[in-house]
Amino acid sequence: MEKESYDQRIKKLEKALQEARDDRAQALARYDVLQKDLAAINERIEEMGCQPEELETRIRQVRDEIDALIKKIEELIPEEYLKKAGW
């Protein structure tokens, strides 16, 4: 089997390098988009009166409130209707 010529090897390396450059450019473009999205999300969180670092705690509080409300509603509906609904 004949070895590849230097020219062929160089062309393959150039192709690989170009593909790596293209992937890098795409990754940088995607990074910029994601950074803008993150900034918009953080801005929206602050508009809602919360700080990003408080978000997890606030979500937990809201879930607890929803659970409590569902429990209250569940207590108000007769059991036979809950069973019919698959509760």
# chains A, B, ... in the order shown; residues from 1 in each chain; ligands from 1
call {"tool": "select_by_dssp", "arguments": {"residues": "range 1-55 of chain A", "states": "helix (DSSP H, G or I)", "output": "MDAnalysis selection string"}}
result
chainID A and resid 6:47 52:55
call {"tool": "atom_distance", "arguments": {"atom1": "CA of Lys36 in chain A", "atom2": "CA of Ala20 in chain A"}}
result
24.4 Å
call {"tool": "atom_distance", "arguments": {"atom1": "CA of Gln26 in chain A", "atom2": "CA of Pro52 in chain A"}}
result
28.0 Å
call {"tool": "closest_residue", "arguments": {"among": "A:Arg58, A:Arg24, A:Trp87, A:Gln8", "to": "Ile70 in chain A", "atoms": "only C-alpha atoms"}}
result
A:Trp87
call {"tool": "decode", "arguments": {"residues": "range 22-55 of chain A", "atoms": "N, CA and C atoms", "output": "PDB file, in the first residue's frame"}}
result
ATOM      1  N   ASP A  22     -14.720  26.228  11.863  1.00  0.00           N
ATOM      2  CA  ASP A  22     -16.156  26.410  11.658  1.00  0.00           C
ATOM      3  C   ASP A  22     -16.939  26.055  12.921  1.00  0.00           C
ATOM      4  N   ASP A  23     -16.567  24.928  13.539  1.00  0.00           N
ATOM      5  CA  ASP A  23     -17.238  24.520  14.771  1.00  0.00           C
ATOM      6  C   ASP A  23     -17.027  25.551  15.875  1.00  0.00           C
ATOM      7  N   ARG A  24     -15.828  26.085  15.952  1.00  0.00           N
ATOM      8  CA  ARG A  24     -15.532  27.103  16.962  1.00  0.00           C
ATOM      9  C   ARG A  24     -16.374  28.354  16.730  1.00  0.00           C
ATOM     10  N   ALA A  25     -16.474  28.771  15.464  1.00  0.00           N
ATOM     11  CA  ALA A  25     -17.265  29.957  15.137  1.00  0.00           C
ATOM     12  C   ALA A  25     -18.733  29.730  15.496  1.00  0.00           C
ATOM     13  N   GLN A  26     -19.241  28.538  15.206  1.00  0.00           N
ATOM     14  CA  GLN A  26     -20.632  28.220  15.545  1.00  0.00           C
ATOM     15  C   GLN A  26     -20.823  28.208  17.065  1.00  0.00           C
ATOM     16  N   ALA A  27     -19.862  27.645  17.766  1.00  0.00           N
ATOM     17  CA  ALA A  27     -19.955  27.586  19.222  1.00  0.00           C
ATOM     18  C   ALA A  27     -19.931  28.994  19.824  1.00  0.00           C
ATOM     19  N   LEU A  28     -19.088  29.856  19.295  1.00  0.00           N
ATOM     20  CA  LEU A  28     -19.026  31.234  19.799  1.00  0.00           C
ATOM     21  C   LEU A  28     -20.320  31.983  19.524  1.00  0.00           C
ATOM     22  N   ALA A  29     -20.890  31.761  18.342  1.00  0.00           N
ATOM     23  CA  ALA A  29     -22.158  32.409  18.003  1.00  0.00           C
ATOM     24  C   ALA A  29     -23.262  31.912  18.932  1.00  0.00           C
ATOM     25  N   ARG A  30     -23.280  30.627  19.175  1.00  0.00           N
ATOM     26  CA  ARG A  30     -24.282  30.048  20.074  1.00  0.00           C
ATOM     27  C   ARG A  30     -24.085  30.571  21.503  1.00  0.00           C
ATOM     28  N   TYR A  31     -22.840  30.688  21.908  1.00  0.00           N
ATOM     29  CA  TYR A  31     -22.528  31.214  23.237  1.00  0.00           C
ATOM     30  C   TYR A  31     -23.077  32.631  23.392  1.00  0.00           C
ATOM     31  N   ASP A  32     -22.879  33.461  22.369  1.00  0.00           N
ATOM     32  CA  ASP A  32     -23.389  34.830  22.419  1.00  0.00           C
ATOM     33  C   ASP A  32     -24.909  34.852  22.559  1.00  0.00           C
ATOM     34  N   VAL A  33     -25.578  33.990  21.793  1.00  0.00           N
ATOM     35  CA  VAL A  33     -27.040  33.922  21.860  1.00  0.00           C
ATOM     36  C   VAL A  33     -27.478  33.491  23.261  1.00  0.00           C
ATOM     37  N   LEU A  34     -26.817  32.487  23.803  1.00  0.00           N
ATOM     38  CA  LEU A  34     -27.173  31.992  25.132  1.00  0.00           C
ATOM     39  C   LEU A  34     -26.902  33.040  26.213  1.00  0.00           C
ATOM     40  N   GLN A  35     -25.827  33.795  26.067  1.00  0.00           N
ATOM     41  CA  GLN A  35     -25.529  34.863  27.024  1.00  0.00           C
ATOM     42  C   GLN A  35     -26.634  35.921  26.999  1.00  0.00           C
ATOM     43  N   LYS A  36     -27.099  36.281  25.796  1.00  0.00           N
ATOM     44  CA  LYS A  36     -28.181  37.259  25.671  1.00  0.00           C
ATOM     45  C   LYS A  36     -29.469  36.713  26.277  1.00  0.00           C
ATOM     46  N   ASP A  37     -29.739  35.425  26.016  1.00  0.00           N
ATOM     47  CA  ASP A  37     -30.929  34.796  26.592  1.00  0.00           C
ATOM     48  C   ASP A  37     -30.858  34.805  28.117  1.00  0.00           C
ATOM     49  N   LEU A  38     -29.700  34.467  28.649  1.00  0.00           N
ATOM     50  CA  LEU A  38     -29.525  34.453  30.104  1.00  0.00           C
ATOM     51  C   LEU A  38     -29.736  35.840  30.694  1.00  0.00           C
ATOM     52  N   ALA A  39     -29.195  36.846  30.044  1.00  0.00           N
ATOM     53  CA  ALA A  39     -29.372  38.219  30.522  1.00  0.00           C
ATOM     54  C   ALA A  39     -30.850  38.602  30.509  1.00  0.00           C
ATOM     55  N   ALA A  40     -31.570  38.213  29.463  1.00  0.00           N
ATOM     56  CA  ALA A  40     -32.997  38.520  29.371  1.00  0.00           C
ATOM     57  C   ALA A  40     -33.778  37.794  30.468  1.00  0.00           C
ATOM     58  N   ILE A  41     -33.418  36.551  30.727  1.00  0.00           N
ATOM     59  CA  ILE A  41     -34.087  35.781  31.780  1.00  0.00           C
ATOM     60  C   ILE A  41     -33.833  36.410  33.141  1.00  0.00           C
ATOM     61  N   ASN A  42     -32.590  36.756  33.407  1.00  0.00           N
ATOM     62  CA  ASN A  42     -32.260  37.392  34.688  1.00  0.00           C
ATOM     63  C   ASN A  42     -32.987  38.722  34.852  1.00  0.00           C
ATOM     64  N   GLU A  43     -33.094  39.466  33.766  1.00  0.00           N
ATOM     65  CA  GLU A  43     -33.812  40.743  33.804  1.00  0.00           C
ATOM     66  C   GLU A  43     -35.288  40.509  34.124  1.00  0.00           C
ATOM     67  N   ARG A  44     -35.854  39.501  33.501  1.00  0.00           N
ATOM     68  CA  ARG A  44     -37.269  39.172  33.735  1.00  0.00           C
ATOM     69  C   ARG A  44     -37.482  38.732  35.183  1.00  0.00           C
ATOM     70  N   ILE A  45     -36.554  37.947  35.717  1.00  0.00           N
ATOM     71  CA  ILE A  45     -36.646  37.504  37.114  1.00  0.00           C
ATOM     72  C   ILE A  45     -36.640  38.711  38.044  1.00  0.00           C
ATOM     73  N   GLU A  46     -35.767  39.659  37.780  1.00  0.00           N
ATOM     74  CA  GLU A  46     -35.677  40.862  38.608  1.00  0.00           C
ATOM     75  C   GLU A  46     -36.937  41.717  38.483  1.00  0.00           C
ATOM     76  N   GLU A  47     -37.518  41.772  37.270  1.00  0.00           N
ATOM     77  CA  GLU A  47     -38.768  42.504  37.077  1.00  0.00           C
ATOM     78  C   GLU A  47     -39.889  41.913  37.912  1.00  0.00           C
ATOM     79  N   MET A  48     -39.797  40.620  38.167  1.00  0.00           N
ATOM     80  CA  MET A  48     -40.815  39.930  38.950  1.00  0.00           C
ATOM     81  C   MET A  48     -40.563  40.066  40.449  1.00  0.00           C
ATOM     82  N   GLY A  49     -39.540  40.842  40.806  1.00  0.00           N
ATOM     83  CA  GLY A  49     -39.265  41.113  42.211  1.00  0.00           C
ATOM     84  C   GLY A  49     -38.440  40.052  42.904  1.00  0.00           C
ATOM     85  N   CYS A  50     -37.623  39.368  42.171  1.00  0.00           N
ATOM     86  CA  CYS A  50     -36.815  38.300  42.744  1.00  0.00           C
ATOM     87  C   CYS A  50     -35.398  38.422  42.184  1.00  0.00           C
ATOM     88  N   GLN A  51     -34.452  37.924  42.924  1.00  0.00           N
ATOM     89  CA  GLN A  51     -33.073  37.884  42.449  1.00  0.00           C
ATOM     90  C   GLN A  51     -32.785  36.471  41.934  1.00  0.00           C
ATOM     91  N   PRO A  52     -31.953  36.340  40.923  1.00  0.00           N
ATOM     92  CA  PRO A  52     -31.672  35.002  40.374  1.00  0.00           C
ATOM     93  C   PRO A  52     -31.233  33.984  41.425  1.00  0.00           C
ATOM     94  N   GLU A  53     -30.441  34.418  42.385  1.00  0.00           N
ATOM     95  CA  GLU A  53     -29.966  33.477  43.400  1.00  0.00           C
ATOM     96  C   GLU A  53     -31.070  33.075  44.381  1.00  0.00           C
ATOM     97  N   GLU A  54     -32.171  33.828  44.408  1.00  0.00           N
ATOM     98  CA  GLU A  54     -33.301  33.510  45.275  1.00  0.00           C
ATOM     99  C   GLU A  54     -34.346  32.656  44.560  1.00  0.00           C
ATOM    100  N   LEU A  55     -34.158  32.451  43.294  1.00  0.00           N
ATOM    101  CA  LEU A  55     -35.175  31.815  42.462  1.00  0.00           C
ATOM    102  C   LEU A  55     -35.525  30.404  42.931  1.00  0.00           C
TER     103      LEU A  55
END
